[in-house]
file my_file-v8.txt (compact mmCIF, C-alpha atoms and all ligand atoms)
# COMPACT_ATOMS: atom_id res chain seq x y z
CA MET C 1 103.80 79.23 62.28
CA LYS C 2 101.62 81.37 59.96
CA ARG C 3 103.20 82.62 56.76
CA VAL C 4 101.64 85.61 55.05
CA GLY C 5 102.80 87.24 51.84
CA ILE C 6 102.05 90.86 51.02
CA LEU C 7 102.35 92.73 47.74
CA THR C 8 101.34 96.07 46.25
CA SER C 9 100.40 96.17 42.59
CA GLY C 10 99.30 98.72 39.97
CA GLY C 11 99.82 102.49 40.10
CA ASP C 12 100.99 103.61 43.51
CA CYS C 13 99.08 106.06 45.69
CA GLN C 14 99.11 107.58 49.13
CA GLY C 15 98.03 105.06 51.75
CA LEU C 16 99.88 101.96 50.59
CA ASN C 17 102.41 102.17 53.41
CA PRO C 18 99.84 102.78 56.17
CA ALA C 19 97.85 99.82 54.80
CA ILE C 20 100.94 97.56 54.74
CA ARG C 21 101.66 98.71 58.30
CA GLY C 22 98.06 98.00 59.35
CA VAL C 23 98.23 94.45 57.98
CA ALA C 24 101.64 93.76 59.57
CA LYS C 25 100.92 95.23 62.98
CA GLY C 26 97.55 93.49 63.00
CA LEU C 27 99.22 90.16 62.21
CA TYR C 28 101.87 90.59 64.91
CA GLU C 29 99.09 91.39 67.41
CA GLU C 30 97.04 88.33 66.32
CA PHE C 31 99.88 85.80 66.14
CA GLY C 32 102.76 87.25 68.18
CA LYS C 33 106.01 85.51 67.22
CA ASN C 34 104.10 82.82 65.37
CA VAL C 35 103.89 84.70 62.10
CA GLU C 36 106.30 85.33 59.27
CA ILE C 37 105.53 88.10 56.81
CA TYR C 38 107.05 87.93 53.34
CA GLY C 39 107.30 91.20 51.45
CA ILE C 40 107.02 90.54 47.73
CA LYS C 41 108.91 93.02 45.57
CA ASP C 42 107.32 95.12 42.82
CA GLY C 43 103.86 93.57 42.80
CA TYR C 44 103.00 90.41 40.87
CA LYS C 45 106.35 90.71 39.11
CA GLY C 46 108.07 89.69 42.36
CA LEU C 47 105.71 86.75 42.74
CA ILE C 48 106.47 85.63 39.19
CA PHE C 49 110.23 85.97 39.54
CA GLY C 50 110.42 84.87 43.17
CA GLU C 51 111.70 88.18 44.50
CA TYR C 52 110.66 88.43 48.13
CA LYS C 53 112.12 88.76 51.59
CA LEU C 54 111.20 87.89 55.13
CA MET C 55 110.24 91.17 56.78
CA GLU C 56 111.12 92.25 60.30
CA PRO C 57 108.69 94.13 62.57
CA SER C 58 111.03 97.13 62.32
CA ASP C 59 110.43 97.26 58.54
CA PHE C 60 106.90 98.45 59.28
CA SER C 61 107.89 101.22 61.68
CA GLY C 62 107.90 104.87 60.64
CA ILE C 63 105.98 104.33 57.41
CA LEU C 64 102.54 105.62 58.43
CA THR C 65 103.15 109.04 56.93
CA GLU C 66 105.18 107.91 53.90
CA GLY C 67 103.82 108.09 50.36
CA GLY C 68 104.50 105.34 47.79
CA THR C 69 105.11 101.74 48.82
CA ILE C 70 108.08 100.23 50.64
CA LEU C 71 107.51 97.03 48.63
CA GLY C 72 107.62 98.61 45.17
CA THR C 73 104.94 98.06 42.54
CA SER C 74 104.45 97.28 38.86
CA ARG C 75 101.59 97.29 36.41
CA GLN C 76 99.97 94.65 34.19
CA PRO C 77 101.99 91.51 34.92
CA PHE C 78 100.54 89.67 31.94
CA LYS C 79 101.29 92.38 29.39
CA THR C 80 104.57 93.87 30.47
CA ILE C 81 106.66 91.04 31.87
CA ARG C 82 107.72 88.93 28.91
CA VAL C 83 110.42 86.61 30.13
CA ILE C 84 110.00 84.64 33.32
CA ASP C 85 112.85 82.21 33.28
CA GLU C 86 114.33 79.85 30.77
CA ASN C 87 112.10 76.95 31.82
CA SER C 88 108.72 78.52 32.10
CA VAL C 89 106.52 81.07 30.34
CA ASP C 90 103.39 80.41 32.36
CA LYS C 91 103.11 83.39 34.68
CA VAL C 92 100.23 82.01 36.74
CA ALA C 93 102.14 78.77 37.29
CA ALA C 94 105.19 80.78 38.32
CA MET C 95 103.12 82.76 40.84
CA LYS C 96 101.64 79.57 42.27
CA SER C 97 105.01 77.97 42.51
CA HIS C 98 106.52 80.86 44.50
CA TYR C 99 103.46 80.99 46.77
CA LYS C 100 104.09 77.30 47.51
CA LYS C 101 107.83 77.81 47.89
CA MET C 102 107.20 80.46 50.56
CA LYS C 103 104.70 78.00 52.16
CA LEU C 104 102.18 80.82 52.45
CA ASP C 105 98.91 80.47 54.32
CA CYS C 106 97.66 83.60 52.60
CA LEU C 107 98.65 86.38 50.24
CA VAL C 108 97.44 89.92 51.01
CA ILE C 109 97.20 91.94 47.80
CA LEU C 110 96.89 95.72 47.73
CA GLY C 111 95.72 97.19 44.45
CA GLY C 112 92.97 98.50 42.19
CA ASN C 113 90.75 96.93 39.55
CA GLY C 114 93.39 95.17 37.45
CA THR C 115 95.12 93.87 40.57
CA GLN C 116 91.82 92.60 41.88
CA LYS C 117 91.18 90.63 38.67
CA THR C 118 94.53 88.87 39.04
CA ALA C 119 93.81 88.25 42.73
CA ASN C 120 90.58 86.55 41.69
CA LEU C 121 92.45 84.49 39.13
CA LEU C 122 94.82 83.31 41.87
CA ARG C 123 91.81 82.50 44.04
CA GLU C 124 90.41 80.37 41.20
CA GLU C 125 93.78 78.63 41.09
CA GLY C 126 93.32 77.63 44.74
CA LEU C 127 95.48 80.25 46.50
CA ASN C 128 94.26 81.97 49.68
CA VAL C 129 94.08 85.67 48.88
CA ILE C 130 92.77 88.82 50.55
CA HIS C 131 92.50 92.03 48.54
CA LEU C 132 92.60 95.61 49.87
CA PRO C 133 91.05 98.23 47.56
CA LYS C 134 93.58 100.89 46.56
CA THR C 135 93.32 103.63 43.95
CA ILE C 136 93.04 107.38 43.65
CA ASP C 137 90.31 106.69 41.06
CA ASN C 138 87.83 105.27 43.63
CA ASP C 139 86.44 102.99 40.91
CA VAL C 140 86.49 99.61 42.70
CA TRP C 141 83.09 97.95 42.84
CA GLY C 142 81.84 96.60 46.18
CA THR C 143 83.45 99.18 48.45
CA ASP C 144 82.20 102.68 49.24
CA ILE C 145 85.72 104.04 49.17
CA THR C 146 89.23 103.10 48.09
CA PHE C 147 92.31 104.28 49.91
CA GLY C 148 94.39 106.90 48.13
CA TYR C 149 91.30 108.66 46.85
CA HIS C 150 90.90 111.19 49.66
CA SER C 151 94.60 112.10 49.61
CA ALA C 152 94.45 112.68 45.86
CA VAL C 153 91.33 114.82 46.29
CA GLU C 154 93.32 116.99 48.71
CA VAL C 155 96.19 117.39 46.23
CA ALA C 156 93.93 118.16 43.25
CA THR C 157 91.92 120.61 45.36
CA ASN C 158 95.12 122.41 46.37
CA VAL C 159 96.04 122.72 42.70
CA ILE C 160 92.69 124.34 41.93
CA ASP C 161 93.03 126.61 44.98
CA CYS C 162 96.44 127.79 43.76
CA LEU C 163 95.14 128.46 40.26
CA HIS C 164 92.32 130.62 41.55
CA SER C 165 94.55 133.54 42.51
CA THR C 166 96.48 133.66 39.25
CA ALA C 167 93.29 133.11 37.22
CA THR C 168 91.66 136.03 39.03
CA SER C 169 94.67 138.35 38.65
CA HIS C 170 94.86 137.80 34.90
CA GLY C 171 91.19 137.28 34.18
CA ARG C 172 92.09 133.99 32.55
CA ILE C 173 90.36 130.70 32.07
CA PHE C 174 92.17 127.70 33.51
CA ILE C 175 91.52 124.13 32.47
CA VAL C 176 92.84 121.63 35.03
CA GLU C 177 93.14 118.00 34.04
CA VAL C 178 92.38 115.67 36.93
CA MET C 179 93.35 111.98 36.99
CA GLY C 180 90.78 109.23 37.49
CA HIS C 181 91.22 106.96 34.48
CA LYS C 182 87.75 106.20 33.06
CA VAL C 183 85.71 107.63 35.94
CA GLY C 184 85.06 111.07 37.38
CA TRP C 185 85.11 110.62 41.17
CA LEU C 186 88.33 112.52 41.74
CA THR C 187 87.40 115.36 39.38
CA LEU C 188 83.95 115.69 40.89
CA SER C 189 85.18 115.98 44.47
CA ALA C 190 88.19 118.18 43.71
CA GLY C 191 86.07 120.31 41.38
CA ILE C 192 83.44 120.96 44.02
CA ALA C 193 85.99 121.40 46.84
CA GLY C 194 88.10 123.75 44.70
CA GLY C 195 85.16 125.85 43.56
CA ALA C 196 85.39 124.97 39.85
CA ASP C 197 82.84 126.65 37.59
CA VAL C 198 82.68 123.79 35.09
CA ILE C 199 83.27 120.10 35.78
CA LEU C 200 83.60 117.65 32.89
CA LEU C 201 83.31 113.94 33.68
CA PRO C 202 83.41 110.77 31.56
CA GLU C 203 79.95 109.90 32.92
CA ILE C 204 78.38 113.11 31.53
CA PRO C 205 79.49 113.69 27.92
CA TYR C 206 79.89 117.42 27.25
CA ASP C 207 78.87 119.79 24.49
CA ILE C 208 81.68 122.28 23.81
CA ASN C 209 79.20 124.99 22.79
CA LYS C 210 77.44 124.70 26.14
CA VAL C 211 80.77 124.94 27.96
CA ALA C 212 81.64 128.08 25.96
CA LYS C 213 78.20 129.54 26.69
CA THR C 214 78.71 129.08 30.45
CA LEU C 215 82.12 130.76 30.32
CA ASN C 216 80.91 133.64 28.14
CA SER C 217 77.94 134.31 30.37
CA ARG C 218 80.31 134.47 33.36
CA ILE C 219 82.42 137.00 31.46
CA ASP C 220 79.28 138.99 30.60
CA ASN C 221 78.41 139.01 34.31
CA GLY C 222 81.80 140.51 35.18
CA LYS C 223 83.60 137.27 36.12
CA LYS C 224 86.61 137.40 33.88
CA PHE C 225 88.17 134.20 35.20
CA SER C 226 86.84 130.66 35.27
CA ILE C 227 88.16 127.29 36.39
CA LEU C 228 87.30 124.08 34.58
CA ALA C 229 88.03 120.76 36.30
CA VAL C 230 88.24 118.20 33.52
CA ALA C 231 88.60 114.47 34.09
CA GLU C 232 91.33 112.89 32.00
CA GLY C 233 88.64 110.49 30.73
CA ALA C 234 86.15 113.23 29.75
CA ILE C 235 84.40 112.73 26.41
CA SER C 236 82.24 114.90 24.16
CA LYS C 237 78.66 114.07 23.20
CA GLU C 238 79.79 113.18 19.67
CA GLU C 239 82.46 110.84 21.02
CA ALA C 240 79.94 109.12 23.26
CA LYS C 241 78.19 107.85 20.13
CA LEU C 242 81.31 106.18 18.71
CA SER C 243 82.30 102.56 19.05
CA LYS C 244 85.41 101.84 21.12
CA LYS C 245 87.42 101.33 17.93
CA GLU C 246 86.17 104.52 16.26
CA PHE C 247 86.85 106.49 19.43
CA LYS C 248 90.42 105.21 19.67
CA LYS C 249 91.04 106.03 16.01
CA LYS C 250 89.62 109.56 16.38
CA ARG C 251 91.77 110.36 19.42
CA ALA C 252 94.87 108.92 17.77
CA GLU C 253 94.31 111.03 14.64
CA GLU C 254 93.75 114.20 16.66
CA ASN C 255 97.08 113.61 18.36
CA TYR C 256 96.65 115.91 21.39
CA PRO C 257 98.81 115.04 24.41
CA SER C 258 95.53 114.79 26.34
CA ILE C 259 91.90 115.89 26.25
CA VAL C 260 92.41 119.27 27.95
CA TYR C 261 94.56 120.56 25.08
CA ARG C 262 91.80 119.87 22.61
CA ILE C 263 89.20 121.49 24.83
CA ALA C 264 91.45 124.56 25.23
CA GLU C 265 91.86 124.89 21.47
CA GLU C 266 88.15 124.48 20.79
CA LEU C 267 87.21 126.98 23.48
CA GLN C 268 89.78 129.58 22.42
CA ASP C 269 87.89 129.95 19.11
CA LYS C 270 84.73 130.82 21.02
CA ILE C 271 86.05 132.96 23.89
CA ASP C 272 88.11 136.19 23.96
CA ASN C 273 89.78 135.66 27.34
CA GLU C 274 93.11 133.87 27.46
CA ILE C 275 92.99 130.17 28.27
CA ARG C 276 95.69 128.22 30.10
CA VAL C 277 96.00 124.49 30.73
CA CYS C 278 97.32 122.81 33.89
CA VAL C 279 98.08 119.09 34.11
CA PRO C 280 99.14 118.19 37.67
CA GLY C 281 99.44 114.51 36.66
CA HIS C 282 101.27 112.22 39.07
CA PHE C 283 101.48 114.95 41.71
CA GLN C 284 98.03 113.69 42.60
CA ARG C 285 99.42 110.30 43.62
CA GLY C 286 102.37 111.61 45.59
CA GLY C 287 103.17 112.89 49.03
CA SER C 288 101.98 111.93 52.46
CA PRO C 289 98.60 110.20 52.89
CA CYS C 290 95.94 112.46 54.41
CA ALA C 291 94.57 111.73 57.88
CA TYR C 292 91.41 110.14 56.46
CA ASP C 293 93.44 107.66 54.41
CA ARG C 294 95.72 106.82 57.35
CA VAL C 295 92.67 105.86 59.39
CA LEU C 296 91.01 104.00 56.49
CA CYS C 297 94.20 102.05 55.72
CA THR C 298 94.70 101.14 59.37
CA ARG C 299 91.14 99.79 59.52
CA LEU C 300 91.41 97.85 56.23
CA GLY C 301 94.84 96.46 57.15
CA ALA C 302 93.79 95.42 60.66
CA THR C 303 90.70 93.72 59.21
CA ALA C 304 92.84 91.82 56.70
CA ALA C 305 94.90 90.49 59.63
CA LYS C 306 91.66 89.45 61.37
CA PHE C 307 90.52 87.68 58.19
CA VAL C 308 93.83 85.77 58.08
CA LYS C 309 93.16 84.57 61.62
CA GLU C 310 89.57 83.62 60.78
CA LYS C 311 90.62 82.06 57.46
CA THR C 312 88.27 84.36 55.54
CA PHE C 313 89.90 84.10 52.12
CA GLY C 314 88.97 84.89 48.53
CA VAL C 315 87.63 88.30 49.52
CA MET C 316 88.22 92.01 49.27
CA VAL C 317 88.08 93.95 52.53
CA GLY C 318 85.36 96.42 51.54
CA MET C 319 84.29 99.53 53.43
CA VAL C 320 80.51 99.38 53.30
CA ASN C 321 78.34 101.78 55.32
CA GLY C 322 81.27 102.52 57.60
CA GLN C 323 82.05 98.86 58.33
CA CYS C 324 84.93 96.70 57.06
CA VAL C 325 83.28 93.65 55.49
CA PRO C 326 84.39 90.64 53.43
CA VAL C 327 83.28 91.04 49.80
CA PRO C 328 83.67 87.85 47.70
CA LEU C 329 86.14 88.51 44.88
CA GLU C 330 84.12 86.46 42.43
CA GLU C 331 81.24 88.96 42.82
CA VAL C 332 83.27 92.10 42.20
CA ALA C 333 86.38 91.32 40.16
CA GLY C 334 86.42 93.21 36.87
CA LYS C 335 83.49 95.52 37.68
CA LEU C 336 84.03 99.26 37.42
CA LYS C 337 82.33 101.71 39.78
CA SER C 338 81.59 104.92 37.88
CA VAL C 339 79.89 108.05 39.21
CA PRO C 340 76.06 107.80 39.19
CA VAL C 341 74.90 110.87 37.26
CA ASP C 342 72.20 111.59 39.81
CA CYS C 343 74.41 111.26 42.91
CA GLY C 344 74.16 113.83 45.70
CA GLU C 345 77.41 115.57 44.78
CA ILE C 346 76.30 116.18 41.20
CA GLN C 347 72.87 117.34 42.34
CA ALA C 348 74.37 119.80 44.82
CA ALA C 349 76.87 121.06 42.24
CA ARG C 350 74.10 121.71 39.74
CA GLN C 351 72.02 123.42 42.43
CA ILE C 352 74.77 125.99 43.01
CA GLY C 353 75.23 126.62 39.30
CA ILE C 354 78.24 124.45 38.45
CA SER C 355 77.98 123.40 34.82
CA PHE C 356 78.69 119.87 33.57
CA GLY C 357 78.64 121.04 29.96
CA ASP C 358 75.62 118.89 29.09
O1 LIG C 401 94.82 104.36 38.33
C1 LIG C 401 95.50 105.42 38.88
C2 LIG C 401 95.99 106.36 37.83
O2 LIG C 401 96.70 107.40 38.45
C3 LIG C 401 94.91 106.92 36.90
O3 LIG C 401 94.19 107.94 37.49
C4 LIG C 401 95.75 107.30 35.70
O4 LIG C 401 94.97 107.27 34.54
C5 LIG C 401 96.82 106.24 35.67
O5 LIG C 401 96.89 105.69 36.96
C6 LIG C 401 98.19 106.72 35.26
O6 LIG C 401 98.98 105.60 35.10
P1 LIG C 401 100.56 105.57 35.09
O7 LIG C 401 101.02 105.77 36.49
O8 LIG C 401 100.87 104.20 34.60
O9 LIG C 401 101.01 106.68 34.21

call {"tool": "encode", "arguments": {"input": "my_file-v8.txt", "output": "structure tokens", "more": "lines below"}}
Ligand code: F6P
result
Amino acid sequence: MKRVGILTSGGDCQGLNPAIRGVAKGLYEEFGKNVEIYGIKDGYKGLIFGEYKLMEPSDFSGILTEGGTILGTSRQPFKTIRVIDENSVDKVAAMKSHYKKMKLDCLVILGGNGTQKTANLLREEGLNVIHLPKTIDNDVWGTDITFGYHSAVEVATNVIDCLHSTATSHGRIFIVEVMGHKVGWLTLSAGIAGGADVILLPEIPYDINKVAKTLNSRIDNGKKFSILAVAEGAISKEEAKLSKKEFKKKRAEENYPSIVYRIAEELQDKIDNEIRVCVPGHFQRGGSPCAYDRVLCTRLGATAAKFVKEKTFGVMVGMVNGQCVPVPLEEVAGKLKSVPVDCGEIQAARQIGISFGD
């Protein structure tokens, strides 16, 4: 009998359920009745506290189109979970102990960068792990794409589409804040797909005067409205020169709810047209996974099941040049994949006159 654990960790996104389904159905195909799948509740937290259950094949039916995760998730097991039980405070030891208690042959872990680091830690501790790259941020090193990203691009693009009509009617400037943590993948794609006039990314620090100049020259050319797609991690040129500590202090002192509010205030001093801010926030992580993600998750999940059979452990299932491949966790854990400033998308955007405020 094979025993496989599965958990989802970190911020949720569209695609987790199709990926869980892909792993499970793949395992049932590979091993028939000779496999038990343990669903671990709320990410690493469930592994620490021993909260898991033996899943039935029916648990994985009807979830292909569902957003979120049937297993639940949690963030940062080492920071946020303080008490384990009265006997132990060693979270890694607790995770190992529950892995052993379930008699697992392997643990399949779905998550982003932080999750991957912990997966690698468990690998170093001798556990058999397989990681599937999940995040709307698309910032996992070693894979061309993460699941959740394309669905979030669709949502963020729809937001920009909707803003276009009201922006045009009122001749207003709209600043849309797009998620993505410290990288600009999501903003770049949604910005291009939504027809944004200005795109601000963490990878390309902006100059507010240049942004204002772009908007004013549009107004002078008869375009009263503009759309700015701004990554939540966007930074100004001055901020790019600061140390991490100085940057944190500056942002804390400014006390804006987020970067777009500061940008709006700074721009309003330089532009006559009315400016409005839109923060779609967690909308971008919700709803049904798009068709692309359903296919991607099915491929990644099925490959994880194949890796269990082959005993290919200690890896992420990466999507590289259209193929699902094993990527050793030790080579990728902790590395962030940011947007190359000379990538094709940025080049094309610049060619059609989209400004990056630099
Ligand atoms: O990593 C995914 C993400 O949605 C980021 O884009 C965003 O910065 C963060 O999670 C939000 O985190 P939380 O769900 O904890 O508010």

call {"tool": "closest_residue", "arguments": {"input": "my_file-v8.txt", "among": "C:Thr65, C:Gln284, C:Gln268, C:Thr298", "to": "ligand LIG 401 (chain C)", "atoms": "only C-alpha atoms and all ligand atoms"}}
result
C:Gln284

call {"tool": "closest_atom_pairs", "arguments": {"input": "my_file-v8.txt", "of": "chain C", "to": "ligand LIG 401 (chain C)", "cutoff": "10 Å", "atoms": "all atoms listed in the file", "output": "CSV"}}
result
residue,atom,partner,partner_atom,distance
C:Gly10,CA,C:LIG401,O1,7.4
C:Gly11,CA,C:LIG401,O7,5.0
C:Asp12,CA,C:LIG401,O7,7.3
C:Cys13,CA,C:LIG401,C1,7.7
C:Ser74,CA,C:LIG401,O8,8.9
C:Arg75,CA,C:LIG401,O8,7.2
C:Gln76,CA,C:LIG401,O8,9.6
C:Gly111,CA,C:LIG401,O1,9.5
C:Gly112,CA,C:LIG401,O1,7.3
C:Asn113,CA,C:LIG401,O1,8.6
C:Gly114,CA,C:LIG401,O1,9.3
C:Lys134,CA,C:LIG401,O1,9.0
C:Thr135,CA,C:LIG401,C1,5.8
C:Ile136,CA,C:LIG401,C1,5.7
C:Asp137,CA,C:LIG401,O3,5.4
C:Asn138,CA,C:LIG401,O1,8.8
C:Asp139,CA,C:LIG401,O1,8.9
C:Gly148,CA,C:LIG401,C1,9.4
C:Tyr149,CA,C:LIG401,C1,9.6
C:Ala152,CA,C:LIG401,O2,9.4
C:Val178,CA,C:LIG401,O3,8.0
C:Met179,CA,C:LIG401,O3,4.2
C:Gly180,CA,C:LIG401,O3,3.6
C:His181,CA,C:LIG401,O4,3.8
C:Lys182,CA,C:LIG401,O4,7.4
C:Val183,CA,C:LIG401,O3,8.6
C:Gly184,CA,C:LIG401,O3,9.7
C:Leu186,CA,C:LIG401,O3,8.6
C:Ala231,CA,C:LIG401,O3,9.2
C:Glu232,CA,C:LIG401,O4,7.2
C:Gly233,CA,C:LIG401,O4,8.1
C:Gly281,CA,C:LIG401,O2,7.8
C:His282,CA,C:LIG401,O2,6.7
C:Phe283,CA,C:LIG401,O2,9.5
C:Gln284,CA,C:LIG401,O2,7.7
C:Arg285,CA,C:LIG401,O2,6.5

call {"tool": "atom_distance", "arguments": {"input": "my_file-v8.txt", "atom1": "CA of Val320 (chain C)", "atom2": "CA of Gly344 (chain C)"}}
result
17.5 Å

call {"tool": "closest_atom_pairs", "arguments": {"input": "my_file-v8.txt", "of": "region 45-96 of chain C", "to": "region 29-37 of chain C", "cutoff": "10 Å", "atoms": "all atoms listed in the file", "output": "CSV"}}
result
residue,atom,partner,partner_atom,distance
C:Lys53,CA,C:Ile37,CA,8.4
C:Leu54,CA,C:Ile37,CA,5.9
C:Met55,CA,C:Ile37,CA,5.6
C:Glu56,CA,C:Ile37,CA,7.8
C:Pro57,CA,C:Ile37,CA,8.9

call {"tool": "residues_around", "arguments": {"input": "my_file-v8.txt", "residues": "Glu330 (chain C)", "least_positions_apart": "6", "cutoff": "9 Å", "atoms": "only C-alpha atoms", "output": "list in words"}}
result
Asn120, Arg123, Glu124, Gly314 and Val315 of chain C

call {"tool": "closest_residue", "arguments": {"input": "my_file-v8.txt", "among": "C:Arg294, C:Thr168, C:Asp90, C:Ile130", "to": "Lys309 (chain C)", "atoms": "only C-alpha atoms"}}
result
C:Ile130

call {"tool": "build_atoms", "arguments": {"input": "my_file-v8.txt", "residues": "region 259-283 of chain C", "atoms": "N, CA and C atoms", "output": "compact mmCIF listing (two decimals), in the coordinates of the input"}}
result
# COMPACT_ATOMS: atom_id res chain seq x y z
N ILE C 259 93.19 115.28 26.58
CA ILE C 259 91.90 115.89 26.25
C ILE C 259 91.85 117.40 26.52
N VAL C 260 92.52 117.85 27.60
CA VAL C 260 92.41 119.27 27.95
C VAL C 260 92.97 120.19 26.87
N TYR C 261 93.96 119.72 26.14
CA TYR C 261 94.56 120.56 25.08
C TYR C 261 93.56 120.76 23.94
N ARG C 262 92.81 119.71 23.66
CA ARG C 262 91.80 119.87 22.61
C ARG C 262 90.70 120.82 23.07
N ILE C 263 90.26 120.63 24.29
CA ILE C 263 89.20 121.49 24.83
C ILE C 263 89.66 122.96 24.82
N ALA C 264 90.92 123.19 25.21
CA ALA C 264 91.45 124.56 25.23
C ALA C 264 91.41 125.17 23.84
N GLU C 265 91.83 124.39 22.85
CA GLU C 265 91.86 124.89 21.47
C GLU C 265 90.44 125.20 20.97
N GLU C 266 89.54 124.28 21.24
CA GLU C 266 88.15 124.48 20.79
C GLU C 266 87.52 125.70 21.46
N LEU C 267 87.81 125.86 22.75
CA LEU C 267 87.21 126.98 23.48
C LEU C 267 87.82 128.32 23.06
N GLN C 268 89.12 128.31 22.76
CA GLN C 268 89.78 129.58 22.42
C GLN C 268 89.15 130.23 21.19
N ASP C 269 88.58 129.41 20.29
CA ASP C 269 87.89 129.95 19.11
C ASP C 269 86.57 130.63 19.48
N LYS C 270 86.08 130.32 20.67
CA LYS C 270 84.73 130.82 21.02
C LYS C 270 84.76 131.85 22.15
N ILE C 271 85.95 132.09 22.71
CA ILE C 271 86.05 132.96 23.89
C ILE C 271 87.22 133.93 23.72
N ASP C 272 87.04 135.21 24.12
CA ASP C 272 88.11 136.19 23.96
C ASP C 272 89.19 136.07 25.03
N ASN C 273 88.79 135.70 26.25
CA ASN C 273 89.78 135.66 27.34
C ASN C 273 90.84 134.59 27.08
N GLU C 274 92.02 134.85 27.64
CA GLU C 274 93.11 133.87 27.46
C GLU C 274 92.80 132.59 28.22
N ILE C 275 93.21 131.47 27.63
CA ILE C 275 92.99 130.17 28.27
C ILE C 275 94.35 129.53 28.57
N ARG C 276 94.47 128.96 29.73
CA ARG C 276 95.69 128.22 30.10
C ARG C 276 95.30 126.82 30.57
N VAL C 277 96.24 125.89 30.35
CA VAL C 277 96.00 124.49 30.73
C VAL C 277 96.95 124.11 31.87
N CYS C 278 96.46 123.32 32.81
CA CYS C 278 97.32 122.81 33.89
C CYS C 278 97.09 121.31 34.04
N VAL C 279 98.19 120.56 33.96
CA VAL C 279 98.08 119.09 34.11
C VAL C 279 98.93 118.66 35.31
N PRO C 280 98.34 118.57 36.49
CA PRO C 280 99.14 118.19 37.67
C PRO C 280 99.62 116.74 37.64
N GLY C 281 98.97 115.89 36.87
CA GLY C 281 99.44 114.51 36.66
C GLY C 281 99.74 113.75 37.93
N HIS C 282 100.94 113.15 37.97
CA HIS C 282 101.27 112.22 39.07
C HIS C 282 101.47 112.90 40.42
N PHE C 283 101.51 114.23 40.43
CA PHE C 283 101.48 114.95 41.71
C PHE C 283 100.34 114.42 42.58
